[in-house]
Each structure stands twice: as C-alpha cells, then as structure tokens.
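Here's query_17.pdb, which has PDB, C-alpha atoms:
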ATOM      1  CA  GLY G   1       0.000   0.000   0.000  1.00  0.00           C
ATOM      2  CA  GLU G   2       0.866   3.665  -0.060  1.00  0.00           C
ATOM      3  CA  ASN G   3       3.392   4.975   2.467  1.00  0.00           C
ATOM      4  CA  VAL G   4       3.665   8.720   3.051  1.00  0.00           C
ATOM      5  CA  GLU G   5       6.546  10.190   5.024  1.00  0.00           C
ATOM      6  CA  GLN G   6       6.409  13.757   6.306  1.00  0.00           C
ATOM      7  CA  HIS G   7       9.178  16.013   7.635  1.00  0.00           C
ATOM      8  CA  PRO G   8       9.779  17.753   9.910  1.00  0.00           C
ATOM      9  CA  SER G   9       7.555  16.584  12.749  1.00  0.00           C
ATOM     10  CA  THR G  10       7.772  19.989  14.440  1.00  0.00           C
ATOM     11  CA  LEU G  11       8.548  23.411  13.019  1.00  0.00           C
ATOM     12  CA  SER G  12       8.920  26.693  14.867  1.00  0.00           C
ATOM     13  CA  VAL G  13       9.137  29.887  12.824  1.00  0.00           C
ATOM     14  CA  GLN G  14       9.209  33.594  13.548  1.00  0.00           C
ATOM     15  CA  GLU G  15       6.131  35.491  12.456  1.00  0.00           C
ATOM     16  CA  GLY G  16       6.646  36.753   8.929  1.00  0.00           C
ATOM     17  CA  ASP G  17       9.107  34.006   7.991  1.00  0.00           C
ATOM     18  CA  SER G  18       8.376  31.116   5.638  1.00  0.00           C
ATOM     19  CA  ALA G  19       7.578  27.516   6.570  1.00  0.00           C
ATOM     20  CA  VAL G  20       8.268  24.483   4.402  1.00  0.00           C
ATOM     21  CA  ILE G  21       6.985  20.959   4.964  1.00  0.00           C
ATOM     22  CA  LYS G  22       8.093  18.060   2.781  1.00  0.00           C
ATOM     23  CA  CYS G  23       6.452  14.721   2.027  1.00  0.00           C
ATOM     24  CA  THR G  24       7.430  11.656   0.024  1.00  0.00           C
ATOM     25  CA  TYR G  25       5.157   8.891  -1.213  1.00  0.00           C
ATOM     26  CA  SER G  26       5.813   5.370  -2.387  1.00  0.00           C
ATOM     27  CA  ASP G  27       3.012   4.442  -4.794  1.00  0.00           C
ATOM     28  CA  SER G  28       3.608   5.799  -8.301  1.00  0.00           C
ATOM     29  CA  ALA G  29      -0.126   5.348  -9.001  1.00  0.00           C
ATOM     30  CA  SER G  30      -1.026   8.088  -6.509  1.00  0.00           C
ATOM     31  CA  ASN G  31      -2.403  11.067  -8.414  1.00  0.00           C
ATOM     32  CA  TYR G  32      -3.914  13.401  -5.854  1.00  0.00           C
ATOM     33  CA  PHE G  33      -2.081  15.192  -3.037  1.00  0.00           C
ATOM     34  CA  PRO G  34      -4.057  17.311  -0.563  1.00  0.00           C
ATOM     35  CA  TRP G  35      -2.784  19.223   2.449  1.00  0.00           C
ATOM     36  CA  TYR G  36      -4.884  19.573   5.576  1.00  0.00           C
ATOM     37  CA  LYS G  37      -4.627  21.844   8.596  1.00  0.00           C
ATOM     38  CA  GLN G  38      -5.958  20.596  11.903  1.00  0.00           C
ATOM     39  CA  GLU G  39      -6.555  22.807  14.900  1.00  0.00           C
ATOM     40  CA  LEU G  40      -7.155  21.522  18.395  1.00  0.00           C
ATOM     41  CA  GLY G  41     -10.551  19.902  18.778  1.00  0.00           C
ATOM     42  CA  LYS G  42     -11.410  20.167  15.084  1.00  0.00           C
ATOM     43  CA  GLY G  43     -11.374  17.941  12.051  1.00  0.00           C
ATOM     44  CA  PRO G  44      -8.778  18.387   9.282  1.00  0.00           C
ATOM     45  CA  GLN G  45      -9.473  21.326   6.999  1.00  0.00           C
ATOM     46  CA  LEU G  46      -8.283  21.277   3.387  1.00  0.00           C
ATOM     47  CA  ILE G  47      -5.958  24.177   2.668  1.00  0.00           C
ATOM     48  CA  ILE G  48      -4.647  23.302  -0.781  1.00  0.00           C
ATOM     49  CA  ASP G  49      -4.380  20.304  -3.073  1.00  0.00           C
ATOM     50  CA  ILE G  50      -2.550  19.354  -6.247  1.00  0.00           C
ATOM     51  CA  ARG G  51      -3.169  16.739  -8.883  1.00  0.00           C
ATOM     52  CA  SER G  52      -0.562  14.719 -10.717  1.00  0.00           C
ATOM     53  CA  ASN G  53      -1.014  16.630 -13.980  1.00  0.00           C
ATOM     54  CA  VAL G  54       0.161  19.854 -12.306  1.00  0.00           C
ATOM     55  CA  GLY G  55       3.624  20.716 -10.957  1.00  0.00           C
ATOM     56  CA  GLU G  56       2.833  23.719  -8.812  1.00  0.00           C
ATOM     57  CA  LYS G  57      -0.185  25.491  -7.361  1.00  0.00           C
ATOM     58  CA  LYS G  58      -0.472  28.678  -5.362  1.00  0.00           C
ATOM     59  CA  ASP G  59      -3.234  30.215  -3.284  1.00  0.00           C
ATOM     60  CA  GLN G  60      -2.298  33.525  -1.680  1.00  0.00           C
ATOM     61  CA  ARG G  61       0.369  32.729   0.969  1.00  0.00           C
ATOM     62  CA  ILE G  62       0.244  28.973   0.409  1.00  0.00           C
ATOM     63  CA  ALA G  63       1.879  27.027  -2.394  1.00  0.00           C
ATOM     64  CA  VAL G  64       2.420  23.370  -3.138  1.00  0.00           C
ATOM     65  CA  THR G  65       4.930  21.765  -5.496  1.00  0.00           C
ATOM     66  CA  LEU G  66       4.919  18.221  -6.835  1.00  0.00           C
ATOM     67  CA  ASN G  67       7.814  16.246  -8.286  1.00  0.00           C
ATOM     68  CA  LYS G  68       6.335  13.008  -9.670  1.00  0.00           C
ATOM     69  CA  THR G  69       9.696  11.619 -10.737  1.00  0.00           C
ATOM     70  CA  ALA G  70      11.127  11.907  -7.249  1.00  0.00           C
ATOM     71  CA  LYS G  71       7.761  11.153  -5.625  1.00  0.00           C
ATOM     72  CA  HIS G  72       7.798  14.112  -3.327  1.00  0.00           C
ATOM     73  CA  PHE G  73       5.647  17.162  -2.726  1.00  0.00           C
ATOM     74  CA  SER G  74       6.044  20.178  -0.503  1.00  0.00           C
ATOM     75  CA  LEU G  75       3.950  22.832   1.214  1.00  0.00           C
ATOM     76  CA  HIS G  76       5.231  26.393   1.400  1.00  0.00           C
ATOM     77  CA  ILE G  77       3.664  29.011   3.647  1.00  0.00           C
ATOM     78  CA  THR G  78       5.001  32.535   3.267  1.00  0.00           C
ATOM     79  CA  GLU G  79       4.621  35.501   5.625  1.00  0.00           C
ATOM     80  CA  THR G  80       3.509  33.234   8.462  1.00  0.00           C
ATOM     81  CA  GLN G  81       1.002  34.570  10.981  1.00  0.00           C
ATOM     82  CA  PRO G  82       0.075  33.364  14.491  1.00  0.00           C
ATOM     83  CA  GLU G  83      -3.143  31.836  13.116  1.00  0.00           C
ATOM     84  CA  ASP G  84      -1.020  29.518  10.954  1.00  0.00           C
ATOM     85  CA  SER G  85      -0.064  27.632  14.131  1.00  0.00           C
ATOM     86  CA  ALA G  86      -1.622  24.162  13.827  1.00  0.00           C
ATOM     87  CA  VAL G  87      -0.852  20.584  12.793  1.00  0.00           C
ATOM     88  CA  TYR G  88      -0.447  20.117   9.045  1.00  0.00           C
ATOM     89  CA  PHE G  89      -0.934  16.800   7.275  1.00  0.00           C
ATOM     90  CA  CYS G  90       0.016  15.805   3.761  1.00  0.00           C
ATOM     91  CA  ALA G  91      -1.788  12.946   2.037  1.00  0.00           C
ATOM     92  CA  ALA G  92      -1.635  10.926  -1.163  1.00  0.00           C
ATOM     93  CA  SER G  93      -4.411   9.099  -2.970  1.00  0.00           C
ATOM     94  CA  ASN G  94      -5.158   7.190  -6.173  1.00  0.00           C
ATOM     95  CA  ASP G  95      -8.767   6.405  -5.315  1.00  0.00           C
ATOM     96  CA  TYR G  96     -10.890   7.475  -2.386  1.00  0.00           C
ATOM     97  CA  LYS G  97      -8.418   6.200   0.172  1.00  0.00           C
ATOM     98  CA  LEU G  98      -6.224   8.960   1.568  1.00  0.00           C
ATOM     99  CA  SER G  99      -2.893   7.872   3.057  1.00  0.00           C
ATOM    100  CA  PHE G 100      -1.652  10.512   5.479  1.00  0.00           C
ATOM    101  CA  GLY G 101       1.739  11.605   6.668  1.00  0.00           C
ATOM    102  CA  ALA G 102       2.363  11.695  10.415  1.00  0.00           C
ATOM    103  CA  GLY G 103       1.811  15.448  10.647  1.00  0.00           C
ATOM    104  CA  THR G 104       3.886  18.557  11.323  1.00  0.00           C
ATOM    105  CA  THR G 105       3.188  20.754  14.330  1.00  0.00           C
ATOM    106  CA  VAL G 106       3.832  24.327  13.237  1.00  0.00           C
ATOM    107  CA  THR G 107       4.304  27.037  15.839  1.00  0.00           C
ATOM    108  CA  VAL G 108       4.513  30.656  14.732  1.00  0.00           C
ATOM    109  CA  ARG G 109       6.319  32.825  17.296  1.00  0.00           C
ATOM    110  CA  ALA G 110       5.116  36.409  17.607  1.00  0.00           C
TER
ATOM    111  CA  LYS P   1     -23.853  25.216   2.633  1.00  0.00           C
ATOM    112  CA  ALA P   2     -23.688  23.028   5.734  1.00  0.00           C
ATOM    113  CA  GLY P   3     -20.535  21.026   6.301  1.00  0.00           C
ATOM    114  CA  VAL P   4     -20.081  17.420   7.331  1.00  0.00           C
ATOM    115  CA  THR P   5     -21.740  16.713  10.663  1.00  0.00           C
ATOM    116  CA  GLN P   6     -20.968  13.890  13.049  1.00  0.00           C
ATOM    117  CA  THR P   7     -22.838  12.676  16.099  1.00  0.00           C
ATOM    118  CA  PRO P   8     -22.226  12.234  18.898  1.00  0.00           C
ATOM    119  CA  ARG P   9     -19.170  14.415  19.411  1.00  0.00           C
ATOM    120  CA  TYR P  10     -18.011  12.573  22.521  1.00  0.00           C
ATOM    121  CA  LEU P  11     -18.622   9.068  23.740  1.00  0.00           C
ATOM    122  CA  ILE P  12     -17.444   6.981  26.674  1.00  0.00           C
ATOM    123  CA  LYS P  13     -17.826   3.213  26.550  1.00  0.00           C
ATOM    124  CA  THR P  14     -16.417   0.226  28.416  1.00  0.00           C
ATOM    125  CA  ARG P  15     -14.526  -2.728  26.992  1.00  0.00           C
ATOM    126  CA  GLY P  16     -16.725  -5.294  25.317  1.00  0.00           C
ATOM    127  CA  GLN P  17     -19.505  -2.877  24.459  1.00  0.00           C
ATOM    128  CA  GLN P  18     -20.383  -1.796  20.955  1.00  0.00           C
ATOM    129  CA  VAL P  19     -20.807   1.692  19.563  1.00  0.00           C
ATOM    130  CA  THR P  20     -22.458   3.325  16.547  1.00  0.00           C
ATOM    131  CA  LEU P  21     -21.280   6.634  15.127  1.00  0.00           C
ATOM    132  CA  SER P  22     -23.180   8.718  12.612  1.00  0.00           C
ATOM    133  CA  CYS P  23     -22.106  10.971   9.767  1.00  0.00           C
ATOM    134  CA  SER P  24     -24.161  13.292   7.547  1.00  0.00           C
ATOM    135  CA  PRO P  25     -22.277  14.349   4.407  1.00  0.00           C
ATOM    136  CA  ILE P  26     -22.402  17.668   2.615  1.00  0.00           C
ATOM    137  CA  SER P  27     -25.562  17.941   0.539  1.00  0.00           C
ATOM    138  CA  GLY P  28     -24.994  16.396  -2.890  1.00  0.00           C
ATOM    139  CA  HIS P  29     -22.027  14.297  -1.803  1.00  0.00           C
ATOM    140  CA  ARG P  30     -22.503  10.575  -2.287  1.00  0.00           C
ATOM    141  CA  SER P  31     -19.166   9.258  -1.008  1.00  0.00           C
ATOM    142  CA  VAL P  32     -18.456   8.944   2.698  1.00  0.00           C
ATOM    143  CA  SER P  33     -15.114   7.809   4.084  1.00  0.00           C
ATOM    144  CA  TRP P  34     -14.187   7.006   7.663  1.00  0.00           C
ATOM    145  CA  TYR P  35     -10.806   7.499   9.314  1.00  0.00           C
ATOM    146  CA  GLN P  36      -9.396   6.705  12.735  1.00  0.00           C
ATOM    147  CA  GLN P  37      -6.982   9.192  14.310  1.00  0.00           C
ATOM    148  CA  THR P  38      -4.766   8.224  17.248  1.00  0.00           C
ATOM    149  CA  PRO P  39      -1.553   9.790  18.594  1.00  0.00           C
ATOM    150  CA  GLY P  40       0.381   6.595  17.889  1.00  0.00           C
ATOM    151  CA  GLN P  41      -0.927   5.556  14.452  1.00  0.00           C
ATOM    152  CA  GLY P  42      -1.990   8.912  13.066  1.00  0.00           C
ATOM    153  CA  LEU P  43      -4.808   9.099  10.525  1.00  0.00           C
ATOM    154  CA  GLN P  44      -5.773   5.732   9.115  1.00  0.00           C
ATOM    155  CA  PHE P  45      -8.384   4.886   6.498  1.00  0.00           C
ATOM    156  CA  LEU P  46     -11.188   2.591   7.640  1.00  0.00           C
ATOM    157  CA  PHE P  47     -13.555   2.340   4.657  1.00  0.00           C
ATOM    158  CA  GLU P  48     -15.428   4.289   2.015  1.00  0.00           C
ATOM    159  CA  TYR P  49     -19.066   4.020   0.982  1.00  0.00           C
ATOM    160  CA  PHE P  50     -20.676   5.141  -2.244  1.00  0.00           C
ATOM    161  CA  SER P  51     -24.299   4.608  -3.241  1.00  0.00           C
ATOM    162  CA  GLU P  52     -24.891   2.376  -0.221  1.00  0.00           C
ATOM    163  CA  THR P  53     -21.995   0.060  -1.161  1.00  0.00           C
ATOM    164  CA  GLN P  54     -18.601  -0.300   0.432  1.00  0.00           C
ATOM    165  CA  ARG P  55     -16.209   0.670  -2.344  1.00  0.00           C
ATOM    166  CA  ASN P  56     -12.877   0.720  -0.491  1.00  0.00           C
ATOM    167  CA  LYS P  57     -11.650  -0.860   2.707  1.00  0.00           C
ATOM    168  CA  GLY P  58      -8.627  -0.320   4.927  1.00  0.00           C
ATOM    169  CA  ASN P  59      -6.768  -2.792   7.104  1.00  0.00           C
ATOM    170  CA  PHE P  60      -8.964  -2.918  10.167  1.00  0.00           C
ATOM    171  CA  PRO P  61     -10.472  -6.023  11.798  1.00  0.00           C
ATOM    172  CA  GLY P  62     -14.025  -7.113  11.109  1.00  0.00           C
ATOM    173  CA  ARG P  63     -15.165  -5.544  14.393  1.00  0.00           C
ATOM    174  CA  PHE P  64     -15.233  -2.298  12.432  1.00  0.00           C
ATOM    175  CA  SER P  65     -18.132  -2.093  10.032  1.00  0.00           C
ATOM    176  CA  GLY P  66     -20.222   0.530   8.350  1.00  0.00           C
ATOM    177  CA  ARG P  67     -23.180   1.204   6.170  1.00  0.00           C
ATOM    178  CA  GLN P  68     -24.641   3.951   4.068  1.00  0.00           C
ATOM    179  CA  PHE P  69     -28.249   4.874   3.612  1.00  0.00           C
ATOM    180  CA  SER P  70     -30.082   6.024   0.499  1.00  0.00           C
ATOM    181  CA  ASN P  71     -29.761   9.670   1.599  1.00  0.00           C
ATOM    182  CA  SER P  72     -25.935   9.176   1.760  1.00  0.00           C
ATOM    183  CA  ARG P  73     -25.819   9.395   5.541  1.00  0.00           C
ATOM    184  CA  SER P  74     -23.451   6.828   6.970  1.00  0.00           C
ATOM    185  CA  GLU P  75     -22.928   4.986  10.202  1.00  0.00           C
ATOM    186  CA  MET P  76     -19.963   3.043  11.468  1.00  0.00           C
ATOM    187  CA  ASN P  77     -20.121   0.401  14.149  1.00  0.00           C
ATOM    188  CA  VAL P  78     -17.420  -0.996  16.374  1.00  0.00           C
ATOM    189  CA  SER P  79     -18.271  -4.179  18.223  1.00  0.00           C
ATOM    190  CA  THR P  80     -16.535  -5.722  21.232  1.00  0.00           C
ATOM    191  CA  LEU P  81     -14.679  -2.532  22.044  1.00  0.00           C
ATOM    192  CA  GLU P  82     -11.038  -2.696  23.098  1.00  0.00           C
ATOM    193  CA  LEU P  83      -8.985  -0.083  24.952  1.00  0.00           C
ATOM    194  CA  GLY P  84      -7.018   0.510  21.760  1.00  0.00           C
ATOM    195  CA  ASP P  85     -10.157   1.638  19.962  1.00  0.00           C
ATOM    196  CA  SER P  86     -10.020   4.923  21.868  1.00  0.00           C
ATOM    197  CA  ALA P  87      -9.556   7.488  19.129  1.00  0.00           C
ATOM    198  CA  LEU P  88     -11.006  10.359  17.173  1.00  0.00           C
ATOM    199  CA  TYR P  89     -13.189   8.942  14.405  1.00  0.00           C
ATOM    200  CA  LEU P  90     -13.438  11.223  11.418  1.00  0.00           C
ATOM    201  CA  CYS P  91     -15.862  11.148   8.557  1.00  0.00           C
ATOM    202  CA  ALA P  92     -15.181  12.798   5.200  1.00  0.00           C
ATOM    203  CA  SER P  93     -17.455  13.327   2.232  1.00  0.00           C
ATOM    204  CA  SER P  94     -17.002  13.996  -1.481  1.00  0.00           C
ATOM    205  CA  PHE P  95     -19.051  13.773  -4.665  1.00  0.00           C
ATOM    206  CA  GLY P  96     -17.705  10.302  -5.362  1.00  0.00           C
ATOM    207  CA  ASP P  97     -17.579  10.529  -9.134  1.00  0.00           C
ATOM    208  CA  GLU P  98     -15.324   7.904 -10.648  1.00  0.00           C
ATOM    209  CA  GLY P  99     -12.797   8.815 -13.262  1.00  0.00           C
ATOM    210  CA  VAL P 100     -12.181  12.210 -11.706  1.00  0.00           C
ATOM    211  CA  LEU P 101      -8.521  12.939 -11.027  1.00  0.00           C
ATOM    212  CA  GLY P 102      -8.610  13.404  -7.281  1.00  0.00           C
ATOM    213  CA  GLU P 103     -11.712  14.522  -5.474  1.00  0.00           C
ATOM    214  CA  THR P 104     -11.553  16.793  -2.468  1.00  0.00           C
ATOM    215  CA  GLN P 105     -12.670  15.166   0.753  1.00  0.00           C
ATOM    216  CA  TYR P 106     -14.196  17.414   3.389  1.00  0.00           C
ATOM    217  CA  PHE P 107     -13.907  16.312   6.991  1.00  0.00           C
ATOM    218  CA  GLY P 108     -16.337  16.585   9.861  1.00  0.00           C
ATOM    219  CA  PRO P 109     -15.308  17.539  13.422  1.00  0.00           C
ATOM    220  CA  GLY P 110     -15.047  13.904  14.489  1.00  0.00           C
ATOM    221  CA  THR P 111     -16.393  11.766  17.305  1.00  0.00           C
ATOM    222  CA  ARG P 112     -14.023  11.283  20.201  1.00  0.00           C
ATOM    223  CA  LEU P 113     -14.429   7.787  21.620  1.00  0.00           C
ATOM    224  CA  LEU P 114     -12.955   6.813  24.953  1.00  0.00           C
ATOM    225  CA  VAL P 115     -12.986   3.137  25.912  1.00  0.00           C
ATOM    226  CA  LEU P 116     -12.511   2.389  29.612  1.00  0.00           C
TER
END
So, in terms of structure tokens, how does the structure I just supplied come out?
Amino acid sequence: GENVEQHPSTLSVQEGDSAVIKCTYSDSASNYFPWYKQELGKGPQLIIDIRSNVGEKKDQRIAVTLNKTAKHFSLHITETQPEDSAVYFCAASNDYKLSFGAGTTVTVRA
Amino acid sequence: KAGVTQTPRYLIKTRGQQVTLSCSPISGHRSVSWYQQTPGQGLQFLFEYFSETQRNKGNFPGRFSGRQFSNSRSEMNVSTLELGDSALYLCASSFGDEGVLGETQYFGPGTRLLVL
C-alpha cells in the first residue's frame, strides 16, 4: 500500500518568515495530493491540493509543489502569521483512500 | 452550505460494548469515508461508501463495520470494544464521481471515543 513520510515533525518559525513541509510517497499510481490543517478539537481542513497533472499550485500565501519523478511534494507558507499555528498533514491518494503523513506541528512565534 | 456533521461528538464506553457513530455528508455528496486518528498511528483509512456500497476498505479487523443509507448518511459500528479503539473517528465526504482525477474530501469535526 501507499506509504507517506512527512518532515519535519515539528517546526517553529518567527512570524513573517516562511515555513516548508516536505512529504514523500511510495506508490507511483497516486495522483492526488491534498494538504490539511488541523486545529485543536477540530477535524482536518483542506488548505490546498494538487493533482498529478500539475507541478505547482499557489493560493495567496500557500503554495504546493509536486515532483512526480522523485515522488515528493512540498507545502510552502510565506509571511507566516500566528493563526497559521496548527498541525499540518500531507496525504496521497489514487482512489478514495487517503494515506496521510504523520503530521507537522507548526508554531509561529510572535 | 452546511458542512459534514458527526454525532455524537463525545462518547465513553467500556470494553466489550459496541458503539455506533453517525455521519451526515455535505448535501450532494454521495461518497463517505471514515478514518481513525490516534496519537500513535496517526490518521488511518477505515472504509469508504458510495451509493450504499462499500467501495474501499482499509486494514482494520471485522469488528469495524459501516453502512450507508439512500440519503448518503453513513454509520460506522465498532463491536466488542477494546482499549485501543479509543480514538477520534473522522468522517469525510465527497461527490464520489469515478474517473475524476482526485476529489476533495471534506472532513467533519469527528467523534471522540474513549474506551474504559
């Protein structure tokens, strides 16, 4: 089955700096890669996703890149704000089964 | 548009009991997936239902089962509860159309189950 590895497990950044989270996947058939943000006591919330026919996608301060050859994808958050503090999960899918990374706890220091 | 709703939000059970959790998907969504989230194992896929049929299944024992109704609402059942079943159970919904390159799944707030 699919195996998704996510790094780092924790990330502390100064407000205004950038944050980068990296994930690798094992199944070359995976074609959909969403990123979720989870705050305490809430379910995961989709923040951005990318499909295998696209190499990069941007939405305001958030961007995702995908390298299918190397089987890795990354999340970039620019100009971080205190409200960006949360746990972020990457996932990979080639049907309706999402395989998740272990999560990255992001702390934005004021 | 209302999001995915799950009931109950919190549940306390004892070992050996069974439990039923409910999920109402976003209006128009016909696919419902269930996930288990624990600190040790992270987010793991349980199963997915589409048009009242189980379409995908994860690697969980048969004690975990589910069903979907004609209005797309879904329930999952865990029988003979074990301490290790304590977790946040998340439901996610999507349109479910096949042949689409990656459909967004929207998650509910989850049901937190504690087994004593």
Given a cut-off of 12 Å, which residues of chain P touch chain G, counting all atoms listed in the file, written out as an MDAnalysis selection string? chainID P and resid 3:6 9:10 31:50 54:59 88:112
I'd like the residues picked by the PyMOL selection byres ((chain G and resi 3) around 8) written out as a ChimeraX atom specification, using the chain letters and numbers from the file. /G:1-2,4-5,25-27,99
What does the distance between CA of Arg109 in chain G and CA of Lys37 in chain G come to in Å, to one decimal place?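 Atom-to-atom, CA of Arg109 in chain G and CA of Lys37 in chain G are spaced 17.8 Å apart.
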Residue IDs satisfying the PyMOL selection byres ((chain G and resi 8) around 10), as a list in words: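 Applying the PyMOL selection byres ((chain G and resi 8) around 10) to the structure shown produces Glu5, Gln6, His7, Ser9, Thr10, Leu11, Val20, Ile21, Lys22, Cys23, Ala102, Gly103, Thr104, Thr105 and Val106 of chain G.
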May I have the residues within 7 Å of Gly55 in chain G as a list in words, using only C-alpha atoms and disregarding those fewer than 2 positions away in the same chain?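 Near neighbours after the sequence-gap exclusion: Asn53, Thr65, Leu66 and Asn67 of chain G.
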